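A.B. asks: Below is the file run-v7.pdb, with PDB, C-alpha atoms and all ligand atoms.
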ATOM      1  CA  MET A  16      52.276 -69.498 143.994  1.00  0.00           C
ATOM      2  CA  PRO A  17      49.913 -71.951 142.303  1.00  0.00           C
ATOM      3  CA  SER A  18      46.574 -70.535 141.264  1.00  0.00           C
ATOM      4  CA  VAL A  19      43.698 -71.649 143.463  1.00  0.00           C
ATOM      5  CA  GLY A  20      40.032 -71.656 142.614  1.00  0.00           C
ATOM      6  CA  PRO A  21      37.539 -69.337 144.275  1.00  0.00           C
ATOM      7  CA  GLY A  22      36.069 -72.309 146.140  1.00  0.00           C
ATOM      8  CA  VAL A  23      39.396 -72.811 147.898  1.00  0.00           C
ATOM      9  CA  THR A  24      39.648 -69.143 148.950  1.00  0.00           C
ATOM     10  CA  ALA A  25      36.079 -69.179 150.264  1.00  0.00           C
ATOM     11  CA  VAL A  26      36.858 -71.883 152.827  1.00  0.00           C
ATOM     12  CA  PRO A  27      39.359 -69.919 154.968  1.00  0.00           C
ATOM     13  CA  SER A  28      37.125 -66.848 154.721  1.00  0.00           C
ATOM     14  CA  VAL A  29      34.246 -68.790 156.209  1.00  0.00           C
ATOM     15  CA  PHE A  30      36.523 -69.985 159.002  1.00  0.00           C
ATOM     16  CA  VAL A  31      37.624 -66.425 159.735  1.00  0.00           C
ATOM     17  CA  VAL A  32      33.994 -65.333 160.012  1.00  0.00           C
ATOM     18  CA  LEU A  33      33.144 -68.266 162.284  1.00  0.00           C
ATOM     19  CA  TYR A  34      36.221 -67.558 164.422  1.00  0.00           C
ATOM     20  CA  CYS A  35      35.224 -63.926 164.899  1.00  0.00           C
ATOM     21  CA  LEU A  36      31.614 -64.785 165.657  1.00  0.00           C
ATOM     22  CA  PHE A  37      32.350 -67.563 168.153  1.00  0.00           C
ATOM     23  CA  GLN A  38      36.017 -67.566 169.244  1.00  0.00           C
ATOM     24  CA  ALA A  39      37.757 -64.191 169.001  1.00  0.00           C
ATOM     25  CA  PRO A  40      38.582 -62.756 172.460  1.00  0.00           C
ATOM     26  CA  MET A  41      36.627 -59.603 173.336  1.00  0.00           C
ATOM     27  CA  TRP A  42      34.295 -58.126 175.893  1.00  0.00           C
ATOM     28  CA  CYS A  43      30.922 -59.687 176.526  1.00  0.00           C
ATOM     29  CA  CYS A  44      29.052 -56.437 175.697  1.00  0.00           C
ATOM     30  CA  ALA A  45      25.684 -57.710 176.916  1.00  0.00           C
ATOM     31  CA  PRO A  46      23.504 -54.762 177.993  1.00  0.00           C
ATOM     32  CA  THR A  47      23.528 -54.399 181.787  1.00  0.00           C
ATOM     33  CA  GLY A  48      21.777 -51.052 182.099  1.00  0.00           C
ATOM     34  CA  ALA A  49      20.595 -47.986 180.219  1.00  0.00           C
ATOM     35  CA  SER A  50      23.858 -47.518 178.358  1.00  0.00           C
ATOM     36  CA  GLN A  51      26.050 -49.944 180.254  1.00  0.00           C
ATOM     37  CA  PHE A  52      27.629 -53.033 178.792  1.00  0.00           C
ATOM     38  CA  CYS A  53      29.159 -56.077 180.459  1.00  0.00           C
ATOM     39  CA  ARG A  54      32.934 -55.952 180.284  1.00  0.00           C
ATOM     40  CA  ASN A  55      33.673 -59.528 181.251  1.00  0.00           C
ATOM     41  CA  ASN A  56      35.978 -61.369 178.910  1.00  0.00           C
ATOM     42  CA  ALA A  57      34.087 -63.352 176.332  1.00  0.00           C
ATOM     43  CA  ASN A  58      34.779 -65.167 173.097  1.00  0.00           C
ATOM     44  CA  GLY A  59      33.240 -64.192 169.803  1.00  0.00           C
ATOM     45  CA  ILE A  60      30.849 -61.485 168.713  1.00  0.00           C
ATOM     46  CA  LEU A  61      27.765 -63.655 169.185  1.00  0.00           C
ATOM     47  CA  LEU A  62      28.576 -65.292 172.531  1.00  0.00           C
ATOM     48  CA  GLY A  63      28.430 -63.682 175.961  1.00  0.00           C
ATOM     49  CA  CYS A  64      30.604 -64.203 179.037  1.00  0.00           C
ATOM     50  CA  HIS A  65      30.277 -66.961 181.662  1.00  0.00           C
ATOM     51  CA  LEU A  66      26.974 -65.482 182.880  1.00  0.00           C
ATOM     52  CA  ARG A  67      24.244 -67.525 181.266  1.00  0.00           C
ATOM     53  CA  GLN A  68      21.894 -64.552 181.313  1.00  0.00           C
ATOM     54  CA  HIS A  69      24.292 -62.572 179.128  1.00  0.00           C
ATOM     55  CA  LYS A  70      24.378 -65.258 176.451  1.00  0.00           C
ATOM     56  CA  PHE A  71      20.590 -64.986 176.445  1.00  0.00           C
ATOM     57  CA  GLU A  72      20.773 -61.175 176.311  1.00  0.00           C
ATOM     58  CA  LYS A  73      23.044 -61.345 173.299  1.00  0.00           C
ATOM     59  CA  LEU A  74      20.726 -63.777 171.545  1.00  0.00           C
ATOM     60  CA  LYS A  75      17.884 -61.338 172.189  1.00  0.00           C
ATOM     61  CA  LEU A  76      20.058 -58.558 170.787  1.00  0.00           C
ATOM     62  CA  ALA A  77      20.657 -60.571 167.642  1.00  0.00           C
ATOM     63  CA  VAL A  78      16.917 -61.061 167.206  1.00  0.00           C
ATOM     64  CA  ARG A  79      15.945 -57.454 167.896  1.00  0.00           C
ATOM     65  CA  GLN A  80      17.241 -55.595 164.860  1.00  0.00           C
ATOM     66  CA  ARG A  81      16.928 -52.150 166.398  1.00  0.00           C
ATOM     67  CA  ALA A  82      19.580 -53.059 168.945  1.00  0.00           C
ATOM     68  CA  TRP A  83      22.080 -54.081 166.290  1.00  0.00           C
ATOM     69  CA  ARG A  84      23.665 -50.671 165.870  1.00  0.00           C
ATOM     70  CA  LYS A  85      24.054 -50.168 169.600  1.00  0.00           C
ATOM     71  CA  ALA A  86      25.517 -53.641 170.043  1.00  0.00           C
ATOM     72  CA  ALA A  87      27.830 -53.199 167.066  1.00  0.00           C
ATOM     73  CA  ALA A  88      29.075 -49.924 168.526  1.00  0.00           C
ATOM     74  CA  ALA A  89      29.715 -51.587 171.892  1.00  0.00           C
ATOM     75  CA  VAL A  90      31.497 -54.551 170.336  1.00  0.00           C
ATOM     76  CA  PHE A  91      33.560 -52.181 168.250  1.00  0.00           C
ATOM     77  CA  LYS A  92      34.652 -50.259 171.376  1.00  0.00           C
ATOM     78  CA  SER A  93      35.836 -53.405 173.142  1.00  0.00           C
ATOM     79  CA  VAL A  94      39.473 -54.420 173.147  1.00  0.00           C
ATOM     80  CA  GLY A  95      39.427 -57.264 170.653  1.00  0.00           C
ATOM     81  CA  GLY A  96      36.209 -56.168 169.019  1.00  0.00           C
ATOM     82  CA  GLN A  97      37.696 -53.862 166.435  1.00  0.00           C
ATOM     83  CA  ALA A  98      40.045 -56.450 165.024  1.00  0.00           C
ATOM     84  CA  ALA A  99      37.404 -59.178 165.174  1.00  0.00           C
ATOM     85  CA  THR A 100      34.694 -57.058 163.590  1.00  0.00           C
ATOM     86  CA  PHE A 101      37.074 -56.010 160.868  1.00  0.00           C
ATOM     87  CA  SER A 102      38.209 -59.575 160.176  1.00  0.00           C
ATOM     88  CA  ALA A 103      34.612 -60.810 160.201  1.00  0.00           C
ATOM     89  CA  PHE A 104      33.708 -58.113 157.717  1.00  0.00           C
ATOM     90  CA  ALA A 105      36.758 -58.793 155.549  1.00  0.00           C
ATOM     91  CA  GLY A 106      36.013 -62.518 155.717  1.00  0.00           C
ATOM     92  CA  MET A 107      32.415 -61.977 154.644  1.00  0.00           C
ATOM     93  CA  VAL A 108      33.537 -59.756 151.783  1.00  0.00           C
ATOM     94  CA  SER A 109      36.086 -62.256 150.494  1.00  0.00           C
ATOM     95  CA  ALA A 110      33.643 -65.147 150.959  1.00  0.00           C
ATOM     96  CA  GLY A 111      31.061 -63.146 149.052  1.00  0.00           C
ATOM     97  CA  ALA A 112      33.560 -62.313 146.318  1.00  0.00           C
ATOM     98  CA  ALA A 113      34.519 -65.976 146.023  1.00  0.00           C
ATOM     99  CA  THR A 114      30.865 -66.963 145.816  1.00  0.00           C
ATOM    100  CA  VAL A 115      30.235 -64.396 143.112  1.00  0.00           C
ATOM    101  CA  THR A 116      33.276 -65.602 141.191  1.00  0.00           C
ATOM    102  CA  LEU A 117      31.966 -69.154 141.453  1.00  0.00           C
ATOM    103  CA  ALA A 118      28.514 -68.110 140.315  1.00  0.00           C
ATOM    104  CA  VAL A 119      29.819 -66.087 137.353  1.00  0.00           C
ATOM    105  CA  LYS A 120      32.015 -68.956 136.171  1.00  0.00           C
TER     106      LYS A 120
HETATM  107 ZN    ZN B   1      28.555 -60.625 180.405  1.00  0.00          ZN
END
Translate this file's structure into structure tokens.
Ligand SMILES: [Zn+2]

C.D. replies:
Amino acid sequence: MPSVGPGVTAVPSVFVVLYCLFQAPMWCCAPTGASQFCRNNANGILLGCHLRQHKFEKLKLAVRQRAWRKAAAAVFKSVGGQAATFSAFAGMVSAGAATVTLAVK
């Protein structure tokens, strides 16, 4: 395998993160009650289901930091959420590592 620079490895990592945030199949997870979450199919951690209100709810969630842990827990419980959250995290880590490698060089 030919050696590739850290800049090259950062590109797919960024795509993985973007995929998980906007495309990966999972539940909507917008809050619908005290401790209820929407279970409609949705794509991506940041986007809600077909209900426009839920997209708005998730944007509000992203802005309100205190809700992050609750939302993260809900996303993590959803069917595709675990894999997507993990890949997003792994992608961020490898993108960060590539950036650091670039910076150190
Ligand atoms: Zn929804």

A.B. asks: Hey, could you make a per-residue contact list for chain A against ligand ZN 1 (chain B) with 8 Å as the cut-off, showing the nearest pair of atoms and its distance in Å to one decimal, counting only C-alpha atoms and all ligand atoms, sorted by chain and number, as CSV?

C.D. replies:
residue,atom,partner,partner_atom,distance
A:Trp42,CA,B:ZN1,ZN,7.7
A:Cys43,CA,B:ZN1,ZN,4.6
A:Cys44,CA,B:ZN1,ZN,6.3
A:Ala45,CA,B:ZN1,ZN,5.4
A:Phe52,CA,B:ZN1,ZN,7.8
A:Cys53,CA,B:ZN1,ZN,4.6
A:Arg54,CA,B:ZN1,ZN,6.4
A:Asn55,CA,B:ZN1,ZN,5.3
A:Asn56,CA,B:ZN1,ZN,7.6
A:Ala57,CA,B:ZN1,ZN,7.4
A:Gly63,CA,B:ZN1,ZN,5.4
A:Cys64,CA,B:ZN1,ZN,4.3
A:His65,CA,B:ZN1,ZN,6.7
A:Leu66,CA,B:ZN1,ZN,5.7
A:Gln68,CA,B:ZN1,ZN,7.8
A:His69,CA,B:ZN1,ZN,4.9
A:Lys70,CA,B:ZN1,ZN,7.4

A.B. asks: May I ask for the distance between atom CA of Phe30 of chain A and atom CA of Ser109 of chain A, given in Å to one decimal place?

C.D. replies: 11.5 Å

A.B. asks: Point out the residue among A:Gly111, A:Pro46, A:Val23, A:Tyr34 with the least atom-to-atom distance to Phe71 of chain A, counting only C-alpha atoms.

C.D. replies: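 Using only C-alpha atoms, Phe71 of chain A sits closest to A:Pro46.
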
A.B. asks: Quick one: pull the distance between atom CA of Leu36 of chain A and atom CA of Lys85 of chain A, Å, one decimal.

C.D. replies: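 Separating atom CA of Leu36 of chain A from atom CA of Lys85 of chain A is a distance of 16.9 Å.
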
A.B. asks: Using only C-alpha atoms, can you tell me which of A:Gln97, A:Asn58, A:Ser102, A:Ser50 comes closest to Val29 of chain A?

C.D. replies: A:Ser102

A.B. asks: May I ask for the distance between atom CA of Ala77 of chain A and atom CA of Phe37 of chain A, given in Å to one decimal place?

C.D. replies: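 Separating atom CA of Ala77 of chain A from atom CA of Phe37 of chain A is a distance of 13.6 Å.
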
A.B. asks: For the file shown, report as a PDB file with C-alpha atoms, in the coordinates of the input the outcome of the PyMOL selection byres (((chain A and resi 116) around 12) and not hetatm) at residue level.

C.D. replies:
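The resulting result.pdb:
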ATOM      1  CA  GLY A  20      40.032 -71.656 142.614  1.00  0.00           C
ATOM      2  CA  PRO A  21      37.539 -69.337 144.275  1.00  0.00           C
ATOM      3  CA  GLY A  22      36.069 -72.309 146.140  1.00  0.00           C
ATOM      4  CA  VAL A  23      39.396 -72.811 147.898  1.00  0.00           C
ATOM      5  CA  THR A  24      39.648 -69.143 148.950  1.00  0.00           C
ATOM      6  CA  ALA A  25      36.079 -69.179 150.264  1.00  0.00           C
ATOM      7  CA  SER A 109      36.086 -62.256 150.494  1.00  0.00           C
ATOM      8  CA  ALA A 110      33.643 -65.147 150.959  1.00  0.00           C
ATOM      9  CA  GLY A 111      31.061 -63.146 149.052  1.00  0.00           C
ATOM     10  CA  ALA A 112      33.560 -62.313 146.318  1.00  0.00           C
ATOM     11  CA  ALA A 113      34.519 -65.976 146.023  1.00  0.00           C
ATOM     12  CA  THR A 114      30.865 -66.963 145.816  1.00  0.00           C
ATOM     13  CA  VAL A 115      30.235 -64.396 143.112  1.00  0.00           C
ATOM     14  CA  LEU A 117      31.966 -69.154 141.453  1.00  0.00           C
ATOM     15  CA  ALA A 118      28.514 -68.110 140.315  1.00  0.00           C
ATOM     16  CA  VAL A 119      29.819 -66.087 137.353  1.00  0.00           C
ATOM     17  CA  LYS A 120      32.015 -68.956 136.171  1.00  0.00           C
TER      18      LYS A 120
END
